[in-house]
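Q: Quick one: this structure, given as structure tokens, is what I'll be asking you about.
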Protein chains: 2
Amino acid sequence: MSLLVTGSIGLDTVETPAGRREQIIGGSAVYFAYAASFFTPVRLVGVVGEDCPKSLFTIFEGRDVDTSGLEIRKGSKTFRWHGSYVADLNSAVTVEVDLNVLAERAPKIPENFLDSKYVFLANTHPVLQQQMLGHLKSPKLIVADTMNLWIQTERPELIKLLPKIHGLVLNDGEARLLTEEKNLVAAARQVRKMGPKFVVIKKGEHGSLLSTDRGEFVLPAFPTDNVVDPTGAGDSFAGGMMGYLSTQGTFSAATIKRALAFGTVVASFTIADFSLDGLRAATRDAIDDRWHEFKNSMSF
Amino acid sequence: MSLLVTGSIGLDTVETPAGRREQIIGGSAVYFAYAASFFTPVRLVGVVGEDCPKSLFTIFEGRDVDTSGLEIRKGSKTFRWHGSYVADLNSAVTVEVDLNVLAERAPKIPENFLDSKYVFLANTHPVLQQQMLGHLKSPKLIVADTMNLWIQTERPELIKLLPKIHGLVLNDGEARLLTEEKNLVAAARQVRKMGPKFVVIKKGEHGSLLSTDRGEFVLPAFPTDNVVDPTGAGDSFAGGMMGYLSTQGTFSAATIKRALAFGTVVASFTIADFSLDGLRAATRDAIDDRWHEFKNSMSF
């Protein structure tokens, strides 16, 4: 079943203890789409400026990603982010950010994408997220991401979005900010009261927490000493999770747990190299093997 | 099989978001012994001053804890610790600490304890830990804890201890301090090169990491929104882990994994109330029930 994703596409400059890379391909929708495409066909909606390098348009070659929703806007510039993980691999310090085309109007969802059943609204302004949703005909599963910026500056709009989605994915700091609850289990339950049927809190190297009406489930990150670049880990996690969910047709707590484990494993490929290189080195077989290894290591 | 523990016994003043308690029973060996006694008979070695309240001597009533190694030293004062978790439930701020009797000579291990097969050296000076070990006849499994203070001030003695023990339990900050490795998987492997066959890194609300020659295993904490007082969580974790191991007679990676899960569950009882009240409300049946619940929630 086709999975629609809309979110940022951009050029990253990244510094980590393993090195520095300039103007490499990044953005939440890019990591998400690549990760999800191991599981299901993906429809990508996003916008870049006319300065965007050609390499961005070849990144999905050989992948089942429909890029016809990718707009190249004349007279606009591509989103750029410069982040550093040198001090702490678990959280980026933003050195510089140029929203550029992301600060303009949202990209248009192509007509033939409007019947998408599975939808991921990667992190963007909650008004744009609601507008996107309004165009879709009959979505079956809608999951959104958000960030501290919108929680702080656009809380009323974010609160309006929450009852319209089935799942919310956010990180631990964002969950605490949104609910003013320090305890993450309490925070996740609080978010569920605001609308979503399930909430996934991403805790970086500490894994993730799922909260549903069937209770809480905590999953550690896949243990690794090979962390080259954490950029895109959260988006790849969401991509692996939604990619798997899109193939299942049911969203029971048990199914979402398995999906979380797929997200965890896919993210472990992402962080092993810069930009998309970690994901490009993965295959569906390698993902399945690591998933089974992870599953076995979790049983005692 | 009898399990010997030696470590601190003291009076704590604790402040948490749930309230403040003064001069309540605490100490690493007390939490450990109570937790381990759900699984196996425990032999406690420790020392208090003559000012110690009678309530400390009744705390183990009805438990299979042999307190004949508990010395009440004339002219000495009991160890006291005052800590606050008000700002962060995951890490205590020490407001005041009076080592008192802990700064004097170590307590004597009773003659009839010297044949103990299972030994836990709770956190204390690494020279004392080595002296304790030297008295034992034929220990089968020796596990030690340590802390940042000794890593910083007594590194050479700690390095001498490590090849003499089978397992080391320490928290994430201590593992990073000992190895200068930020990545915890790498840090745990580094510690294993210093001697212990297995290393357990405690990550507070984020669970624990086990490293053995069979690889790494990560377990989240038992998810709960009811954290009243985290004091003793790490010692109870070690107590549950060692208590279970003492009943097994084998220390395979699979056995240690199950032991880690018991430690996790026992710690979840500890943090639900002040001092030993959380553990006192537990039963072996309740521990087993929660262990199975945890095991099931971890399977996907």
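Ligands are numbered from 1 in the order shown, residues from 1 within each chain, and chains are lettered A, B, ... in the order they appear in the structure tokens.
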Report as CSV the residues of chain B within 7 Å of chain A, each with its shortest atom pair and distance in Å (one decimal), using only C-alpha atoms, ordered by chain and increasing residue number.

A:
residue,atom,partner,partner_atom,distance
B:Asn183,CA,A:Asp225,CA,6.1
B:Val185,CA,A:Asp225,CA,5.4
B:Ala186,CA,A:Asp225,CA,5.4
B:His206,CA,A:His206,CA,6.0
B:Glu216,CA,A:Pro223,CA,6.7
B:Phe217,CA,A:Ser297,CA,6.3
B:Val218,CA,A:Pro220,CA,6.3
B:Leu219,CA,A:Pro220,CA,6.5
B:Pro220,CA,A:Pro220,CA,5.9
B:Pro223,CA,A:Val185,CA,6.7
B:Thr224,CA,A:Val185,CA,6.3
B:Asp225,CA,A:Ala186,CA,5.5
B:Ala254,CA,A:Phe300,CA,6.7
B:Lys257,CA,A:Phe300,CA,6.1
B:Arg258,CA,A:Phe300,CA,5.4
B:Lys295,CA,A:Phe300,CA,6.9
B:Ser297,CA,A:Phe217,CA,6.3
B:Met298,CA,A:Met298,CA,6.3
B:Ser299,CA,A:Ser299,CA,6.1
B:Phe300,CA,A:Arg258,CA,5.4

Q: Skip Trp150 in chain A itself and residues of its chain fewer than 5 positions away, then list as a VMD selection string all residues within 9 Å of it, counting only C-alpha atoms.

A: chain A and resid 124 to 126 155 157 to 158

Q: Could you take the residues named above and write them with C-alpha atoms, as a CSV table (one decimal), in the first residue's frame?

A:
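So part01.csv came out as:
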chain,number,residue,atom,x,y,z
A,124,THR,CA,6.9,21.1,9.7
A,125,HIS,CA,4.6,23.9,10.7
A,126,PRO,CA,1.4,22.4,12.2
A,155,ARG,CA,1.0,25.3,20.5
A,157,GLU,CA,-2.2,24.9,16.1
A,158,LEU,CA,-0.4,21.8,17.2

Q: Just to confirm, what's the straight-line distance from CA of Lys193 in chain B to CA of Pro156 in chain B in Å (one decimal)?

A: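 Spanning CA of Lys193 in chain B to CA of Pro156 in chain B is a straight-line distance of 15.4 Å.
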
Q: Write out as a PyMOL selection string each polymer residue whose atoms come within 9 Å of Leu276 in chain A, counting only C-alpha atoms; drop sequence neighbours fewer than 5 positions from it.

A: chain A and resi 24-26+30-31+34+59+232+270+281

Q: Taking the chain letters and numbering used in this document, name the residues of range 241-277 of chain A that DSSP puts in helix (DSSP H, G or I), as a CSV table (one decimal) with N, CA, C and O atoms, in the first residue's frame.

A:
chain,number,residue,atom,x,y,z
A,241,MET,N,9.4,2.2,10.6
A,241,MET,CA,8.2,1.9,11.4
A,241,MET,C,6.9,2.0,10.5
A,241,MET,O,6.1,1.1,10.4
A,242,MET,N,6.8,3.2,9.8
A,242,MET,CA,5.7,3.4,8.9
A,242,MET,C,5.7,2.4,7.7
A,242,MET,O,4.7,2.0,7.2
A,243,GLY,N,6.9,2.2,7.2
A,243,GLY,CA,7.0,1.3,6.0
A,243,GLY,C,6.5,-0.1,6.4
A,243,GLY,O,5.7,-0.7,5.6
A,244,TYR,N,6.9,-0.6,7.5
A,244,TYR,CA,6.4,-1.9,8.0
A,244,TYR,C,4.9,-1.8,8.2
A,244,TYR,O,4.1,-2.7,7.8
A,245,LEU,N,4.4,-0.8,8.9
A,245,LEU,CA,3.0,-0.7,9.2
A,245,LEU,C,2.1,-0.7,7.9
A,245,LEU,O,1.0,-1.3,7.9
A,246,SER,N,2.6,0.0,6.9
A,246,SER,CA,1.9,0.1,5.6
A,246,SER,C,1.7,-1.3,5.0
A,246,SER,O,0.8,-1.4,4.2
A,253,ALA,N,-1.4,-3.0,19.0
A,253,ALA,CA,-0.2,-2.7,19.8
A,253,ALA,C,0.9,-3.7,19.4
A,253,ALA,O,2.1,-3.3,19.3
A,254,ALA,N,0.6,-5.0,19.2
A,254,ALA,CA,1.6,-6.0,18.8
A,254,ALA,C,2.2,-5.6,17.5
A,254,ALA,O,3.5,-5.7,17.3
A,255,THR,N,1.4,-5.2,16.5
A,255,THR,CA,1.9,-4.8,15.2
A,255,THR,C,2.8,-3.6,15.3
A,255,THR,O,3.9,-3.5,14.7
A,256,ILE,N,2.4,-2.6,16.1
A,256,ILE,CA,3.2,-1.4,16.3
A,256,ILE,C,4.5,-1.7,17.0
A,256,ILE,O,5.6,-1.1,16.7
A,257,LYS,N,4.5,-2.6,17.9
A,257,LYS,CA,5.8,-3.1,18.6
A,257,LYS,C,6.8,-3.6,17.5
A,257,LYS,O,7.9,-3.2,17.5
A,258,ARG,N,6.3,-4.5,16.7
A,258,ARG,CA,7.2,-5.0,15.6
A,258,ARG,C,7.7,-3.9,14.7
A,258,ARG,O,8.8,-3.9,14.3
A,259,ALA,N,6.8,-3.0,14.4
A,259,ALA,CA,7.1,-1.8,13.6
A,259,ALA,C,8.2,-1.0,14.2
A,259,ALA,O,9.2,-0.5,13.6
A,260,LEU,N,8.1,-0.8,15.5
A,260,LEU,CA,9.1,0.0,16.3
A,260,LEU,C,10.5,-0.7,16.2
A,260,LEU,O,11.5,-0.1,16.0
A,261,ALA,N,10.5,-2.1,16.2
A,261,ALA,CA,11.7,-2.8,16.1
A,261,ALA,C,12.3,-2.6,14.7
A,261,ALA,O,13.5,-2.5,14.6
A,262,PHE,N,11.5,-2.6,13.7
A,262,PHE,CA,12.0,-2.4,12.4
A,262,PHE,C,12.6,-1.0,12.3
A,262,PHE,O,13.6,-0.8,11.7
A,263,GLY,N,11.9,0.0,12.8
A,263,GLY,CA,12.4,1.4,12.8
A,263,GLY,C,13.8,1.4,13.5
A,263,GLY,O,14.7,2.1,13.0
A,264,THR,N,13.9,0.7,14.7
A,264,THR,CA,15.1,0.7,15.4
A,264,THR,C,16.3,0.2,14.6
A,264,THR,O,17.4,0.8,14.6
A,265,VAL,N,16.0,-0.9,13.9
A,265,VAL,CA,17.0,-1.6,13.1
A,265,VAL,C,17.4,-0.7,11.9
A,265,VAL,O,18.6,-0.5,11.6
A,266,VAL,N,16.4,-0.1,11.2
A,266,VAL,CA,16.7,0.7,10.1
A,266,VAL,C,17.6,1.9,10.5
A,266,VAL,O,18.6,2.3,9.8
A,267,ALA,N,17.3,2.5,11.7
A,267,ALA,CA,18.0,3.7,12.1
A,267,ALA,C,19.5,3.2,12.4
A,267,ALA,O,20.4,4.1,12.3
A,268,SER,N,19.7,2.0,12.8
A,268,SER,CA,21.0,1.6,13.2
A,268,SER,C,21.9,1.5,11.9
A,268,SER,O,23.1,1.6,12.0
A,269,PHE,N,21.3,1.3,10.7
A,269,PHE,CA,22.1,1.4,9.5
A,269,PHE,C,22.4,2.9,9.2
A,269,PHE,O,23.5,3.2,8.7
A,270,THR,N,21.4,3.7,9.4
A,270,THR,CA,21.6,5.2,9.0
A,270,THR,C,22.8,5.8,9.7
A,270,THR,O,23.6,6.5,9.1
A,277,ASP,N,24.4,7.3,3.1
A,277,ASP,CA,25.4,6.2,2.8
A,277,ASP,C,25.2,5.0,3.6
A,277,ASP,O,25.3,3.8,3.2

Q: Using Å and a single decimal, report how far CA of Arg176 in chain A sits from CA of Asn100 in chain A.

A: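 Calculated distance between CA of Asn100 in chain A and CA of Arg176 in chain A is 29.2 Å.
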
Q: Considering only C-alpha atoms, state which residue in the set B:Arg43, B:Arg80, B:Lys54, B:Arg214 is at the smallest distance from Asp66 in chain B.

A: B:Arg43

Q: Near Val5 in chain A, within 8 Å and counting only C-alpha atoms, which residues show up once chain neighbours fewer than 4 positions away are dropped, as an MDAnalysis selection string?

A: chainID A and resid 29 32:33 42:45 119:122

Q: Could you pull the residues within 12 Å of Arg63 in chain B, counting only C-alpha atoms, minus those fewer than 4 positions along the same chain, as a CSV table (one decimal) with C-alpha atoms, in the first residue's frame?

A:
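The result, written out as out.csv:
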chain,number,residue,atom,x,y,z
B,33,ALA,CA,20.7,-7.6,50.9
B,34,TYR,CA,17.0,-7.0,51.0
B,35,ALA,CA,16.6,-7.3,47.2
B,36,ALA,CA,18.7,-10.5,47.0
B,37,SER,CA,16.9,-12.1,49.9
B,38,PHE,CA,13.8,-12.6,47.7
B,39,PHE,CA,16.0,-15.2,45.9
B,40,THR,CA,18.6,-16.7,48.2
B,41,PRO,CA,19.9,-16.5,51.8
B,42,VAL,CA,22.1,-13.5,52.2
B,43,ARG,CA,25.1,-12.9,54.5
B,44,LEU,CA,25.6,-9.2,55.3
B,57,PHE,CA,18.3,-4.1,63.3
B,58,THR,CA,14.7,-5.0,62.7
B,59,ILE,CA,14.6,-4.2,59.0
B,67,THR,CA,23.3,-10.1,60.1
B,279,LEU,CA,10.9,-3.5,48.5
B,280,ARG,CA,9.0,-4.4,51.7
B,283,THR,CA,6.8,-10.5,47.4
B,284,ARG,CA,8.6,-13.2,45.4

Q: Near Gly134 in chain B, counting only C-alpha atoms, which residues have an atom at most 12 Å away, once you skip same-chain residues fewer than 5 positions from it, shown as an MDAnalysis selection string?

A: chainID B and resid 109 114 127:129 139 142 161 164:165

Q: Would you save the residues of that selection, restricted to N, CA, C and O atoms, as a short mmCIF file (atom, residue, chain, number, x, y, z; two decimals), in the first residue's frame?

A:
data_model
loop_
_atom_site.label_atom_id
_atom_site.label_comp_id
_atom_site.auth_asym_id
_atom_site.auth_seq_id
_atom_site.Cartn_x
_atom_site.Cartn_y
_atom_site.Cartn_z
N ILE B 109 34.92 -10.06 58.34
CA ILE B 109 34.01 -11.08 57.80
C ILE B 109 33.98 -12.23 58.80
O ILE B 109 35.02 -12.79 59.13
N LEU B 114 33.27 -17.23 55.44
CA LEU B 114 34.44 -17.24 54.55
C LEU B 114 34.33 -18.27 53.41
O LEU B 114 35.09 -18.22 52.46
N VAL B 127 40.80 -0.74 47.78
CA VAL B 127 41.75 -1.47 48.62
C VAL B 127 40.98 -2.36 49.60
O VAL B 127 41.31 -3.54 49.79
N LEU B 128 39.91 -1.81 50.19
CA LEU B 128 39.07 -2.61 51.08
C LEU B 128 38.43 -3.76 50.31
O LEU B 128 38.32 -4.88 50.82
N GLN B 129 38.00 -3.49 49.09
CA GLN B 129 37.38 -4.55 48.28
C GLN B 129 38.38 -5.70 48.07
O GLN B 129 38.03 -6.86 48.21
N PRO B 139 35.65 -18.37 46.38
CA PRO B 139 34.47 -17.76 45.75
C PRO B 139 34.32 -18.24 44.30
O PRO B 139 35.30 -18.44 43.59
N ILE B 142 32.37 -13.48 41.73
CA ILE B 142 32.65 -12.23 42.44
C ILE B 142 32.26 -11.07 41.54
O ILE B 142 32.75 -10.94 40.41
N LEU B 161 42.09 -4.32 41.15
CA LEU B 161 40.94 -5.14 41.54
C LEU B 161 40.31 -5.86 40.33
O LEU B 161 39.89 -7.02 40.44
N LYS B 164 40.60 -9.45 39.32
CA LYS B 164 40.28 -10.41 40.39
C LYS B 164 38.78 -10.66 40.51
O LYS B 164 38.35 -11.45 41.35
N ILE B 165 37.99 -9.97 39.71
CA ILE B 165 36.53 -10.14 39.80
C ILE B 165 35.99 -10.69 38.48
O ILE B 165 36.62 -10.55 37.44
#
